[in-house]
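Structure first, then comments.
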Amino acid sequence: MFFLKMSLLSLLIAAPGLVTSTENVITCDGNVQRLSCDIGLISVQSAVYGRTARSVCSAGRPPSQIQNTRCISSIPLIFERCDGKIACEFKTDTIGSPDPCVGTYKYYNTTYNCIQARVSMTCEGSFSTLACGNDVIQIVSADYGRTDVEICSNGQPSSLIENTDCHAPDTLTSVVEGCNEKRSCILEASNAIFTDPCVGTYKYLAVSYFCRPTQTSVTCEGSTAVLACEVGLLKIHIANYGRTDSTTCSLGRPFGQITKTDCFATTSLSEVATRCKDRSNCTVPATNTVFTDPCVGTYKYLSIVYSCVVNDFLFSL
C-alpha cells in the first residue's frame, strides 16, 4: 500500500491542453535521477521507491536481492524538489529515503508531466503581480529561498547567493491562499511573509501558475440554471439575478421590461454558492421566489461565472 499524488494537473478536462508530455524515469539506487522538460515545467504525479519487478535494475544482483517485488513507499521529497522546475536532479542515496524492504536492491520510479505554465520570479524586498485577465489563477508551485546562483544575483556579493539549498516551509500554502481562484493577486517576497529560511542569503520568490478559464451560464427568468463539472467541483465566482443590459433574454419582451439595466439581487452570489459550491452539479431556478424581486416589472435573468476546481489530494491505492 502506498500513496500516489493526484493533482489538478493530472486531470486534463479541468485544463485542456495543459500537459505537453508525460515522462517516466526509473533510476537504480545510488545513481542520479534527473527529471527535465524540453517544453513546460515539471509536475510530479507519482514518486515511489522500492521494487515491483524482478527485471528492473537487476543486472549483477543475486536472486535474494530482487525476488521481493512487493516493496514500495512514496517519496514526497521528490515532489518538493522538482515541482514547477524546468529540470531537477539528485543522487538517490543522498535524499534519506526510509528502507521499505531491507536486503532488497531498490530503485526510484518517478512519473511526471511537463505542463504549460507561467513563471514569476520576485527578488527579496520586491513585489510582483500575477494576472489572468478574465480567467482565474491556479498555482502550480511556490518556493521562497534560493536554488540558483544566477536568479536575482545582480549586484549581490557571492556570499549572499552561494547557498542554493534554501527553502522556506509552507510557501506554497501561503501563495495558494492568497492567489488561487483569483483573477489577479499581488505577492511580496519578504521574510515577514514567509519567514527567513537562510539568514545571510539573498532570496527570491519563485512561483509557477497557469490561468484556468471560467465558464458563464445565463438563464432567463422562469427557467432553471444547470451547472455541471465533468471533473472537479463547482466554484462560483460571480452571480447576479437581475438585468445589466437590454439585449440578454429580451426576445419578445416589451420595451418597458428590458430598459432597466442596473438591477441586482443582493442575495445572488450567496444563494448560488449555497446551492452549488463544492458540488459536481447543481440546479438554480431563476425566479423571484429564490432571489426575491430586485426590480419589479423588469424581466430578469440569472448570470453565473464559475469554474470546475480539482484540489490536490492524496488517496491510497
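Identifiers in the C-alpha cells: chain A, B, ... in order shown; residue index from 1 per chain; ligand index from 1 in order shown.
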Checklist line | Expected answer as a PyMOL selection string: strand (DSSP E or B) residues in stretch 159-207 of chain A | finding: chain A and resi 166-167+184-188+204-207
Store the residues picked out above, limited to C-alpha atoms, as a PDB file, in the first residue's frame.
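Result file follows (part_23.pdb):
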ATOM      1  CA  CYS A 166      17.343  27.326   0.831  1.00  0.00           C
ATOM      2  CA  HIS A 167      13.581  26.726   1.080  1.00  0.00           C
ATOM      3  CA  SER A 184      -5.056  38.711 -10.066  1.00  0.00           C
ATOM      4  CA  CYS A 185      -3.016  38.876  -6.867  1.00  0.00           C
ATOM      5  CA  ILE A 186       0.000  40.745  -5.519  1.00  0.00           C
ATOM      6  CA  LEU A 187       2.910  38.831  -3.976  1.00  0.00           C
ATOM      7  CA  GLU A 188       5.630  40.184  -1.710  1.00  0.00           C
ATOM      8  CA  TYR A 204      13.667  35.273  -4.142  1.00  0.00           C
ATOM      9  CA  LEU A 205      10.112  34.030  -4.546  1.00  0.00           C
ATOM     10  CA  ALA A 206       9.661  31.628  -7.476  1.00  0.00           C
ATOM     11  CA  VAL A 207       6.056  30.908  -8.461  1.00  0.00           C
TER      12      VAL A 207
END
Next item on the list: Could you pull out the residues in stretch 115-225 of chain A that DSSP calls alpha helix (DSSP H) from the backbone, as a PyMOL selection string?
Entry: chain A and resi 171-179+191-194
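The smallest atom-to-atom distance between A:Cys123 and any of A:Arg212, A:Lys203, A:Arg81, A:Arg51, using only C-alpha atoms, is found for A:Lys203.
With distances restricted to only C-alpha atoms, A:Leu227 is the closest residue to A:Thr283 from A:Cys263, A:Val119, A:Leu227, A:Leu251.
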Margin query: Quick one: residues within 12 Å of A:Leu130, only C-alpha atoms, excluding same-chain residues fewer than 3 positions away - as number ranges by chain?
Written below: A: 118-122, 127, 133, 135-139, 175-176, 178-188, 206-211
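When atom CA of A:Asn288 is paired with atom CA of A:Gly256, their separation reads 18.3 Å.
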Spatial neighbours of A:Cys114, max dist 12 Å, only C-alpha atoms, sep filter under 6 positions, as a compact mmCIF listing (two decimals) with N, CA and C atoms, in the first residue's frame:
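Saved the output as part_0.txt:
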# COMPACT_ATOMS: atom_id res chain seq x y z
N LEU A 9 -3.39 19.00 -12.02
CA LEU A 9 -2.68 18.99 -13.28
C LEU A 9 -2.79 17.66 -14.01
N SER A 10 -3.15 16.60 -13.30
CA SER A 10 -3.24 15.30 -13.96
C SER A 10 -4.64 15.04 -14.51
N GLY A 17 -5.28 20.92 -22.79
CA GLY A 17 -4.05 21.34 -23.43
C GLY A 17 -2.94 21.72 -22.48
N LEU A 18 -3.15 21.52 -21.19
CA LEU A 18 -2.15 21.95 -20.21
C LEU A 18 -0.89 21.11 -20.27
N VAL A 19 -1.04 19.80 -20.42
CA VAL A 19 0.10 18.89 -20.39
C VAL A 19 0.72 18.77 -21.78
N THR A 20 2.02 19.00 -21.88
CA THR A 20 2.72 18.86 -23.16
C THR A 20 3.29 17.46 -23.35
N SER A 21 3.63 16.77 -22.25
CA SER A 21 4.13 15.41 -22.35
C SER A 21 4.09 14.76 -20.97
N THR A 22 4.12 13.42 -20.97
CA THR A 22 4.19 12.64 -19.73
C THR A 22 5.43 11.77 -19.80
N GLU A 23 6.23 11.80 -18.75
CA GLU A 23 7.51 11.09 -18.72
C GLU A 23 7.57 10.14 -17.53
N ASN A 24 8.34 9.07 -17.68
CA ASN A 24 8.59 8.13 -16.59
C ASN A 24 10.08 7.85 -16.51
N LEU A 35 15.09 14.69 -13.81
CA LEU A 35 13.82 14.99 -14.45
C LEU A 35 13.99 16.29 -15.22
N SER A 36 13.43 16.37 -16.42
CA SER A 36 13.56 17.60 -17.19
C SER A 36 12.42 17.72 -18.19
N CYS A 37 12.12 18.96 -18.58
CA CYS A 37 11.11 19.24 -19.59
C CYS A 37 11.72 20.11 -20.68
N ASP A 38 11.63 19.66 -21.92
CA ASP A 38 12.06 20.49 -23.05
C ASP A 38 11.12 21.69 -23.21
N ILE A 39 9.83 21.43 -22.99
CA ILE A 39 8.81 22.48 -23.03
C ILE A 39 7.97 22.36 -21.77
N GLY A 40 7.82 23.46 -21.03
CA GLY A 40 6.97 23.45 -19.86
C GLY A 40 7.73 23.21 -18.57
N LEU A 41 6.97 22.95 -17.50
CA LEU A 41 7.51 22.78 -16.16
C LEU A 41 7.09 21.42 -15.60
N ILE A 42 7.90 20.91 -14.68
CA ILE A 42 7.67 19.59 -14.09
C ILE A 42 6.49 19.61 -13.13
N SER A 43 5.61 18.64 -13.26
CA SER A 43 4.57 18.37 -12.27
C SER A 43 4.61 16.88 -11.96
N VAL A 44 5.19 16.52 -10.81
CA VAL A 44 5.36 15.11 -10.44
C VAL A 44 3.99 14.51 -10.12
N GLN A 45 3.70 13.38 -10.73
CA GLN A 45 2.43 12.68 -10.49
C GLN A 45 2.59 11.56 -9.47
N CYS A 82 11.12 19.08 -7.15
CA CYS A 82 11.05 19.15 -8.61
C CYS A 82 9.83 19.89 -9.17
N ASP A 83 8.72 19.91 -8.45
CA ASP A 83 7.53 20.55 -8.99
C ASP A 83 7.80 22.01 -9.37
N GLY A 84 7.35 22.39 -10.56
CA GLY A 84 7.46 23.77 -11.01
C GLY A 84 8.80 24.14 -11.60
N LYS A 85 9.73 23.21 -11.72
CA LYS A 85 11.06 23.49 -12.27
C LYS A 85 11.17 22.96 -13.71
N ILE A 86 12.09 23.53 -14.47
CA ILE A 86 12.37 23.04 -15.82
C ILE A 86 13.13 21.72 -15.74
N ALA A 87 14.04 21.61 -14.76
CA ALA A 87 14.81 20.39 -14.58
C ALA A 87 15.23 20.28 -13.12
N VAL A 140 0.83 26.34 -9.37
CA VAL A 140 1.46 25.03 -9.54
C VAL A 140 2.50 24.80 -8.45
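Of the residues under consideration (A:Leu234, A:Ala59, A:Cys88, A:Cys249), A:Leu234 shows the shortest atom-to-atom contact distance to A:Val272 when counting only C-alpha atoms.
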Margin query: Taking 3 positions as the minimum chain separation for residues in the same chain, which residues sit within 10 Å of A:Val48 when counting only C-alpha atoms? Answer as number ranges by chain.
Written below: A: 2-4, 26, 51, 71-76, 78, 97, 107-111
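Closest to A:Gly125 among A:Ala192, A:Thr261, A:Lys300, A:Gly155 is A:Ala192, based on only C-alpha atoms.
Between A:Val296 and the residues A:Arg146, A:Arg61, A:Lys277, A:Lys260, the shortest atom-to-atom distance, using only C-alpha atoms, involves A:Lys260.
Atom CA of A:Asp143 is positioned 13.6 Å from atom CA of A:Tyr202.
Restricting the calculation to only C-alpha atoms, the smallest distance between A:Glu124 and any of A:Leu77, A:Ala168, A:Ser190, A:Arg70 is found for A:Ser190.
Between atom CA of A:Val309 and atom CA of A:Ile193 lies a distance of 26.5 Å.
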